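Structure data follow from start-v2.cif (mmCIF, N, CA and C atoms):
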```cif
data_coords
#
loop_
_atom_site.label_atom_id
_atom_site.label_comp_id
_atom_site.auth_asym_id
_atom_site.auth_seq_id
_atom_site.Cartn_x
_atom_site.Cartn_y
_atom_site.Cartn_z
N MET A 1 0.84 -1.17 0.00
CA MET A 1 0.00 0.00 0.00
C MET A 1 0.89 1.23 0.00
N SER A 2 0.29 2.38 0.12
CA SER A 2 1.07 3.59 -0.04
C SER A 2 1.75 4.04 1.23
N GLU A 3 2.74 4.92 1.03
CA GLU A 3 3.50 5.49 2.16
C GLU A 3 2.58 6.36 3.00
N GLU A 4 1.58 6.98 2.35
CA GLU A 4 0.65 7.86 3.06
C GLU A 4 -0.12 7.08 4.12
N LYS A 5 -0.56 5.87 3.79
CA LYS A 5 -1.30 5.05 4.75
C LYS A 5 -0.40 4.62 5.90
N THR A 6 0.87 4.32 5.59
CA THR A 6 1.81 3.92 6.63
C THR A 6 2.02 5.06 7.60
N SER A 7 2.20 6.28 7.08
CA SER A 7 2.45 7.42 7.96
C SER A 7 1.19 7.77 8.75
N SER A 8 0.01 7.57 8.18
CA SER A 8 -1.21 7.88 8.93
C SER A 8 -1.42 6.88 10.06
N VAL A 9 -1.02 5.62 9.87
CA VAL A 9 -1.10 4.62 10.94
C VAL A 9 -0.15 5.01 12.06
N GLY A 10 1.06 5.44 11.70
CA GLY A 10 2.03 5.86 12.70
C GLY A 10 1.55 7.07 13.47
N ALA A 11 0.95 8.03 12.77
CA ALA A 11 0.44 9.23 13.42
C ALA A 11 -0.71 8.87 14.36
N PHE A 12 -1.56 7.94 13.95
CA PHE A 12 -2.67 7.51 14.79
C PHE A 12 -2.16 6.87 16.08
N VAL A 13 -1.16 6.00 15.94
CA VAL A 13 -0.60 5.32 17.11
C VAL A 13 0.00 6.34 18.07
N LYS A 14 0.77 7.30 17.52
CA LYS A 14 1.37 8.33 18.37
C LYS A 14 0.29 9.14 19.09
N GLY A 15 -0.74 9.52 18.36
CA GLY A 15 -1.83 10.29 18.95
C GLY A 15 -2.56 9.52 20.03
N LEU A 16 -2.77 8.24 19.79
CA LEU A 16 -3.45 7.40 20.76
C LEU A 16 -2.64 7.28 22.05
N VAL A 17 -1.36 7.02 21.91
CA VAL A 17 -0.50 6.88 23.09
C VAL A 17 -0.42 8.21 23.84
N PHE A 18 -0.20 9.30 23.11
CA PHE A 18 -0.11 10.61 23.74
C PHE A 18 -1.40 10.97 24.46
N GLY A 19 -2.52 10.75 23.80
CA GLY A 19 -3.82 11.03 24.42
C GLY A 19 -4.05 10.20 25.66
N GLY A 20 -3.65 8.94 25.61
CA GLY A 20 -3.79 8.06 26.77
C GLY A 20 -2.95 8.54 27.94
N LEU A 21 -1.75 8.97 27.64
CA LEU A 21 -0.86 9.48 28.70
C LEU A 21 -1.43 10.74 29.34
N VAL A 22 -1.88 11.66 28.52
CA VAL A 22 -2.44 12.91 29.03
C VAL A 22 -3.69 12.63 29.86
N GLY A 23 -4.57 11.81 29.34
CA GLY A 23 -5.80 11.48 30.06
C GLY A 23 -5.53 10.79 31.39
N ALA A 24 -4.62 9.84 31.38
CA ALA A 24 -4.29 9.13 32.61
C ALA A 24 -3.64 10.07 33.62
N GLY A 25 -2.76 10.92 33.15
CA GLY A 25 -2.10 11.87 34.04
C GLY A 25 -3.09 12.82 34.68
N LEU A 26 -4.00 13.37 33.89
CA LEU A 26 -5.01 14.28 34.42
C LEU A 26 -5.93 13.58 35.41
N ALA A 27 -6.32 12.37 35.10
CA ALA A 27 -7.21 11.62 36.00
C ALA A 27 -6.53 11.36 37.34
N LEU A 28 -5.27 11.03 37.29
CA LEU A 28 -4.54 10.75 38.53
C LEU A 28 -4.30 12.02 39.34
N LEU A 29 -4.01 13.11 38.65
CA LEU A 29 -3.72 14.36 39.37
C LEU A 29 -4.96 14.94 40.06
N TYR A 30 -6.12 14.75 39.47
CA TYR A 30 -7.33 15.32 40.04
C TYR A 30 -8.05 14.38 41.02
N ALA A 31 -7.57 13.17 41.15
CA ALA A 31 -8.18 12.22 42.09
C ALA A 31 -7.55 12.43 43.47
N PRO A 32 -8.39 12.57 44.50
CA PRO A 32 -7.83 12.79 45.85
C PRO A 32 -7.31 11.47 46.43
N LYS A 33 -5.96 11.32 46.45
CA LYS A 33 -5.34 10.11 46.97
C LYS A 33 -4.06 10.49 47.70
N SER A 34 -3.60 9.54 48.50
CA SER A 34 -2.33 9.77 49.21
C SER A 34 -1.19 9.62 48.21
N GLY A 35 0.00 10.06 48.56
CA GLY A 35 1.17 9.98 47.70
C GLY A 35 1.50 8.55 47.32
N LYS A 36 1.42 7.64 48.31
CA LYS A 36 1.73 6.24 48.04
C LYS A 36 0.72 5.65 47.06
N GLU A 37 -0.56 5.90 47.29
CA GLU A 37 -1.61 5.39 46.39
C GLU A 37 -1.44 5.97 44.99
N LEU A 38 -1.13 7.25 44.93
CA LEU A 38 -0.95 7.92 43.64
C LEU A 38 0.23 7.32 42.88
N ARG A 39 1.34 7.09 43.56
CA ARG A 39 2.52 6.50 42.91
C ARG A 39 2.21 5.08 42.43
N GLU A 40 1.49 4.33 43.24
CA GLU A 40 1.13 2.97 42.87
C GLU A 40 0.22 2.97 41.64
N GLU A 41 -0.76 3.86 41.65
CA GLU A 41 -1.68 3.93 40.51
C GLU A 41 -0.95 4.42 39.26
N LEU A 42 -0.03 5.38 39.44
CA LEU A 42 0.76 5.85 38.29
C LEU A 42 1.59 4.72 37.70
N LYS A 43 2.15 3.91 38.58
CA LYS A 43 2.95 2.77 38.13
C LYS A 43 2.08 1.79 37.33
N GLU A 44 0.90 1.48 37.87
CA GLU A 44 -0.02 0.57 37.17
C GLU A 44 -0.43 1.13 35.81
N LYS A 45 -0.81 2.40 35.81
CA LYS A 45 -1.26 3.03 34.56
C LYS A 45 -0.13 3.08 33.54
N SER A 46 1.08 3.40 34.01
CA SER A 46 2.20 3.46 33.06
C SER A 46 2.50 2.07 32.49
N THR A 47 2.36 1.04 33.32
CA THR A 47 2.55 -0.33 32.84
C THR A 47 1.49 -0.69 31.80
N GLU A 48 0.23 -0.32 32.10
CA GLU A 48 -0.86 -0.58 31.16
C GLU A 48 -0.62 0.16 29.85
N LEU A 49 -0.24 1.43 29.95
CA LEU A 49 0.00 2.23 28.75
C LEU A 49 1.18 1.68 27.94
N LYS A 50 2.22 1.25 28.64
CA LYS A 50 3.37 0.67 27.95
C LYS A 50 2.93 -0.58 27.20
N SER A 51 2.14 -1.42 27.87
CA SER A 51 1.65 -2.64 27.25
C SER A 51 0.80 -2.33 26.02
N GLU A 52 -0.08 -1.35 26.16
CA GLU A 52 -0.94 -0.95 25.04
C GLU A 52 -0.10 -0.38 23.90
N ALA A 53 0.89 0.43 24.23
CA ALA A 53 1.76 1.01 23.21
C ALA A 53 2.53 -0.08 22.47
N GLU A 54 3.01 -1.08 23.20
CA GLU A 54 3.72 -2.19 22.57
C GLU A 54 2.79 -2.97 21.66
N LYS A 55 1.57 -3.17 22.10
CA LYS A 55 0.58 -3.89 21.29
C LYS A 55 0.29 -3.11 20.01
N LEU A 56 0.07 -1.80 20.14
CA LEU A 56 -0.20 -0.97 18.96
C LEU A 56 0.99 -0.93 18.03
N TYR A 57 2.20 -0.87 18.59
CA TYR A 57 3.41 -0.87 17.78
C TYR A 57 3.51 -2.17 16.99
N THR A 58 3.23 -3.28 17.65
CA THR A 58 3.29 -4.59 16.98
C THR A 58 2.28 -4.64 15.84
N GLU A 59 1.06 -4.17 16.11
CA GLU A 59 0.02 -4.17 15.08
C GLU A 59 0.43 -3.28 13.90
N ALA A 60 0.96 -2.10 14.20
CA ALA A 60 1.39 -1.18 13.14
C ALA A 60 2.53 -1.80 12.33
N LYS A 61 3.42 -2.48 13.01
CA LYS A 61 4.54 -3.14 12.33
C LYS A 61 4.02 -4.24 11.40
N GLU A 62 3.06 -5.02 11.88
CA GLU A 62 2.48 -6.08 11.05
C GLU A 62 1.77 -5.49 9.83
N ILE A 63 1.02 -4.42 10.06
CA ILE A 63 0.30 -3.77 8.95
C ILE A 63 1.29 -3.25 7.92
N SER A 64 2.34 -2.59 8.39
CA SER A 64 3.32 -2.05 7.44
C SER A 64 4.04 -3.18 6.72
N GLY A 65 4.29 -4.28 7.42
CA GLY A 65 4.91 -5.44 6.77
C GLY A 65 4.01 -6.01 5.69
N ASP A 66 2.72 -6.11 6.00
CA ASP A 66 1.75 -6.60 5.01
C ASP A 66 1.70 -5.66 3.81
N MET A 67 1.73 -4.36 4.09
CA MET A 67 1.68 -3.38 3.00
C MET A 67 2.93 -3.50 2.13
N LEU A 68 4.07 -3.75 2.74
CA LEU A 68 5.31 -3.92 1.99
C LEU A 68 5.22 -5.15 1.10
N VAL A 69 4.75 -6.25 1.66
CA VAL A 69 4.61 -7.49 0.88
C VAL A 69 3.65 -7.27 -0.29
N ASP A 70 2.53 -6.62 -0.03
CA ASP A 70 1.57 -6.34 -1.10
C ASP A 70 2.20 -5.46 -2.18
N GLY A 71 2.94 -4.46 -1.76
CA GLY A 71 3.61 -3.57 -2.71
C GLY A 71 4.63 -4.31 -3.56
N LEU A 72 5.39 -5.20 -2.94
CA LEU A 72 6.38 -5.96 -3.70
C LEU A 72 5.72 -6.91 -4.69
N LYS A 73 4.61 -7.53 -4.27
CA LYS A 73 3.88 -8.42 -5.19
C LYS A 73 3.35 -7.64 -6.38
N LYS A 74 2.79 -6.46 -6.11
CA LYS A 74 2.24 -5.64 -7.18
C LYS A 74 3.36 -5.19 -8.13
N ALA A 75 4.50 -4.81 -7.57
CA ALA A 75 5.63 -4.39 -8.40
C ALA A 75 6.11 -5.53 -9.29
N GLU A 76 6.16 -6.73 -8.75
CA GLU A 76 6.58 -7.89 -9.53
C GLU A 76 5.58 -8.17 -10.66
N GLN A 77 4.29 -8.05 -10.33
CA GLN A 77 3.25 -8.27 -11.34
C GLN A 77 3.36 -7.23 -12.46
N LEU A 78 3.56 -5.98 -12.09
CA LEU A 78 3.70 -4.92 -13.09
C LEU A 78 4.94 -5.12 -13.94
N LYS A 79 6.01 -5.57 -13.33
CA LYS A 79 7.24 -5.84 -14.07
C LYS A 79 7.01 -6.94 -15.10
N LYS A 80 6.32 -7.99 -14.68
CA LYS A 80 6.04 -9.11 -15.59
C LYS A 80 5.17 -8.64 -16.76
N GLU A 81 4.14 -7.85 -16.46
CA GLU A 81 3.26 -7.33 -17.51
C GLU A 81 4.04 -6.44 -18.47
N ALA A 82 4.93 -5.61 -17.94
CA ALA A 82 5.73 -4.72 -18.79
C ALA A 82 6.65 -5.54 -19.70
N GLU A 83 7.25 -6.59 -19.16
CA GLU A 83 8.12 -7.45 -19.97
C GLU A 83 7.33 -8.12 -21.09
N GLU A 84 6.12 -8.57 -20.79
CA GLU A 84 5.28 -9.20 -21.81
C GLU A 84 4.92 -8.20 -22.91
N LYS A 85 4.55 -6.97 -22.51
CA LYS A 85 4.20 -5.94 -23.49
C LYS A 85 5.42 -5.60 -24.35
N TYR A 86 6.61 -5.54 -23.72
CA TYR A 86 7.83 -5.25 -24.46
C TYR A 86 8.09 -6.33 -25.50
N GLU A 87 7.96 -7.58 -25.11
CA GLU A 87 8.20 -8.69 -26.05
C GLU A 87 7.19 -8.66 -27.20
N GLN A 88 5.93 -8.35 -26.89
CA GLN A 88 4.92 -8.27 -27.95
C GLN A 88 5.25 -7.14 -28.92
N ALA A 89 5.63 -5.99 -28.39
CA ALA A 89 5.97 -4.84 -29.24
C ALA A 89 7.21 -5.14 -30.08
N LYS A 90 8.19 -5.80 -29.48
CA LYS A 90 9.42 -6.16 -30.20
C LYS A 90 9.10 -7.11 -31.36
N LYS A 91 8.26 -8.10 -31.10
CA LYS A 91 7.88 -9.06 -32.14
C LYS A 91 7.13 -8.36 -33.27
N LYS A 92 6.22 -7.47 -32.91
CA LYS A 92 5.45 -6.74 -33.91
C LYS A 92 6.38 -5.87 -34.76
N LEU A 93 7.35 -5.21 -34.11
CA LEU A 93 8.29 -4.37 -34.84
C LEU A 93 9.13 -5.20 -35.80
N GLU A 94 9.56 -6.37 -35.36
CA GLU A 94 10.34 -7.26 -36.23
C GLU A 94 9.51 -7.67 -37.45
N GLU A 95 8.23 -7.96 -37.25
CA GLU A 95 7.34 -8.31 -38.36
C GLU A 95 7.21 -7.15 -39.34
N ILE A 96 7.07 -5.95 -38.81
CA ILE A 96 6.92 -4.77 -39.67
C ILE A 96 8.20 -4.54 -40.46
N VAL A 97 9.36 -4.71 -39.82
CA VAL A 97 10.64 -4.53 -40.52
C VAL A 97 10.76 -5.55 -41.64
N GLU A 98 10.41 -6.80 -41.37
CA GLU A 98 10.47 -7.84 -42.41
C GLU A 98 9.53 -7.52 -43.57
N GLN A 99 8.32 -7.09 -43.26
CA GLN A 99 7.37 -6.73 -44.31
C GLN A 99 7.90 -5.55 -45.13
N SER A 100 8.51 -4.58 -44.45
CA SER A 100 9.06 -3.41 -45.14
C SER A 100 10.18 -3.83 -46.08
N LYS A 101 11.03 -4.77 -45.65
CA LYS A 101 12.11 -5.26 -46.50
C LYS A 101 11.54 -5.94 -47.75
N LYS A 102 10.49 -6.75 -47.56
CA LYS A 102 9.87 -7.44 -48.69
C LYS A 102 9.28 -6.43 -49.68
N VAL A 103 8.57 -5.44 -49.13
CA VAL A 103 7.96 -4.42 -49.99
C VAL A 103 9.05 -3.66 -50.73
N ALA A 104 10.15 -3.34 -50.05
CA ALA A 104 11.26 -2.61 -50.68
C ALA A 104 11.86 -3.44 -51.81
N GLU A 105 12.07 -4.74 -51.59
CA GLU A 105 12.61 -5.62 -52.63
C GLU A 105 11.66 -5.72 -53.83
N GLU A 106 10.37 -5.87 -53.53
CA GLU A 106 9.37 -5.95 -54.62
C GLU A 106 9.36 -4.65 -55.42
N THR A 107 9.41 -3.55 -54.73
CA THR A 107 9.40 -2.24 -55.40
C THR A 107 10.66 -2.08 -56.24
N LYS A 108 11.78 -2.50 -55.71
CA LYS A 108 13.05 -2.44 -56.44
C LYS A 108 12.94 -3.26 -57.73
N GLY A 109 12.39 -4.46 -57.62
CA GLY A 109 12.21 -5.32 -58.78
C GLY A 109 11.27 -4.69 -59.81
N LYS A 110 10.21 -4.06 -59.36
CA LYS A 110 9.26 -3.41 -60.27
C LYS A 110 9.92 -2.22 -60.97
N ILE A 111 10.77 -1.49 -60.24
CA ILE A 111 11.46 -0.35 -60.85
C ILE A 111 12.43 -0.83 -61.91
N LYS A 112 13.17 -1.90 -61.63
CA LYS A 112 14.09 -2.47 -62.62
C LYS A 112 13.33 -2.92 -63.87
N SER A 113 12.21 -3.59 -63.66
CA SER A 113 11.39 -4.06 -64.79
C SER A 113 10.88 -2.88 -65.61
N ALA A 114 10.45 -1.84 -64.90
CA ALA A 114 9.94 -0.66 -65.60
C ALA A 114 11.05 0.02 -66.39
N LYS A 115 12.26 0.07 -65.85
CA LYS A 115 13.40 0.67 -66.56
C LYS A 115 13.72 -0.13 -67.82
N LYS A 116 13.75 -1.46 -67.68
CA LYS A 116 14.04 -2.32 -68.83
C LYS A 116 12.99 -2.13 -69.91
N GLU A 117 11.74 -2.09 -69.47
CA GLU A 117 10.63 -1.93 -70.42
C GLU A 117 10.73 -0.59 -71.13
N ALA A 118 11.07 0.46 -70.34
CA ALA A 118 11.20 1.81 -70.93
C ALA A 118 12.38 1.85 -71.88
N SER A 119 13.49 1.18 -71.53
CA SER A 119 14.67 1.13 -72.41
C SER A 119 14.33 0.41 -73.69
N GLY A 120 13.60 -0.68 -73.57
CA GLY A 120 13.20 -1.45 -74.74
C GLY A 120 12.31 -0.62 -75.66
N LYS A 121 11.41 0.16 -75.12
CA LYS A 121 10.51 0.99 -75.92
C LYS A 121 11.29 2.11 -76.59
N GLN A 122 12.32 2.62 -75.92
CA GLN A 122 13.13 3.68 -76.48
C GLN A 122 13.94 3.15 -77.66
N GLU A 123 14.48 1.96 -77.54
CA GLU A 123 15.28 1.36 -78.61
C GLU A 123 14.42 1.07 -79.81
N LYS A 124 13.18 0.63 -79.60
CA LYS A 124 12.27 0.36 -80.71
C LYS A 124 11.86 1.66 -81.39
N ALA A 125 11.73 2.70 -80.61
CA ALA A 125 11.32 3.98 -81.13
C ALA A 125 12.44 4.64 -81.94
N SER A 126 13.67 4.29 -81.70
CA SER A 126 14.80 4.92 -82.40
C SER A 126 15.06 4.30 -83.68
#
```
Now that the file is in, can you turn its structure into structure tokens?
Amino acid sequence: MSEEKTSSVGAFVKGLVFGGLVGAGLALLYAPKSGKELREELKEKSTELKSEAEKLYTEAKEISGDMLVDGLKKAEQLKKEAEEKYEQAKKKLEEIVEQSKKVAEETKGKIKSAKKEASGKQEKAS
């Protein structure tokens, strides 16, 4: 797939992680808790966010890998099609060249015959 889709997936993941961090931080700061409870909850939330970020990173990596594989397959298919078209065009050109040579030889022969005929008529006329 395209680079644009890859970058939009990356931007989405970054936005999701950043939004999660900001939301968790605000929720913890405005909740009335003791320092120990707050630190414990921050630790839990950071572990959860880290886990979620790793999961999203893995998914994004898999998606980009799939997109790369799809892109390579498409490139190979296009290359094969281009090679086939090239061979067809080459064969057609060779046929045209051969036909042109035949026509040129036939025309040459007709010109020689016409010259001989004209020479013969001139000699008879003299």
> When you draw a straight line from atom CA of Ala53 of chain A to atom CA of Leu16 of chain A, how long is it in Å?
Replying inline: 8.6 Å
>> Between atom CA of Glu95 of chain A and atom C of Gln77 of chain A, what distance in Å does the model show, to one decimal?
In response: 26.2 Å
> Hey, can you check how far atom N of Val13 of chain A sits from atom N of Ser64 of chain A?
Replying inline: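 Between these atoms lies a distance of 12.0 Å.
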>> What's around Ala60 of chain A at 6.5 Å? Count all atoms listed in the file, leave out sequence neighbours fewer than 5 positions away in its own chain, and write the answer as a ChimeraX atom specification.
In response: /A:9,55,65
> Nearest to Lys50 of chain A: which of A:Gly20, A:Gly15, A:Gly10, A:Gly109 is it, counting only C-alpha atoms?
Replying inline: A:Gly20
Find the residues near Ala27 of chain A: any atom within 12 Å, counting only C-alpha atoms, skip ones fewer than 4 places away on the same chain, and give them as a compact mmCIF listing (two decimals) with N, CA and C atoms, keeping the file's coordinate frame.
```txt
# COMPACT_ATOMS: atom_id res chain seq x y z
N GLY A 20 -3.65 8.94 25.61
CA GLY A 20 -3.79 8.06 26.77
C GLY A 20 -2.95 8.54 27.94
N LEU A 21 -1.75 8.97 27.64
CA LEU A 21 -0.86 9.48 28.70
C LEU A 21 -1.43 10.74 29.34
N VAL A 22 -1.88 11.66 28.52
CA VAL A 22 -2.44 12.91 29.03
C VAL A 22 -3.69 12.63 29.86
N GLY A 23 -4.57 11.81 29.34
CA GLY A 23 -5.80 11.48 30.06
C GLY A 23 -5.53 10.79 31.39
N ALA A 31 -7.57 13.17 41.15
CA ALA A 31 -8.18 12.22 42.09
C ALA A 31 -7.55 12.43 43.47
N PRO A 32 -8.39 12.57 44.50
CA PRO A 32 -7.83 12.79 45.85
C PRO A 32 -7.31 11.47 46.43
N LYS A 33 -5.96 11.32 46.45
CA LYS A 33 -5.34 10.11 46.97
C LYS A 33 -4.06 10.49 47.70
N LEU A 38 -1.13 7.25 44.93
CA LEU A 38 -0.95 7.92 43.64
C LEU A 38 0.23 7.32 42.88
N GLU A 41 -0.76 3.86 41.65
CA GLU A 41 -1.68 3.93 40.51
C GLU A 41 -0.95 4.42 39.26
N LEU A 42 -0.03 5.38 39.44
CA LEU A 42 0.76 5.85 38.29
C LEU A 42 1.59 4.72 37.70
N LYS A 45 -0.81 2.40 35.81
CA LYS A 45 -1.26 3.03 34.56
C LYS A 45 -0.13 3.08 33.54
```
Could you work out an axis-aligned bounding box for all listed atoms of segment 42-55 of chain A, with 3 Å added on each of the six sides, and give its centre and edge lengths in Å to one decimal, as JSON?
```
{"center_x": 1.2, "center_y": 1.0, "center_z": 29.7, "size_x": 11.0, "size_y": 15.7, "size_z": 25.4}
```
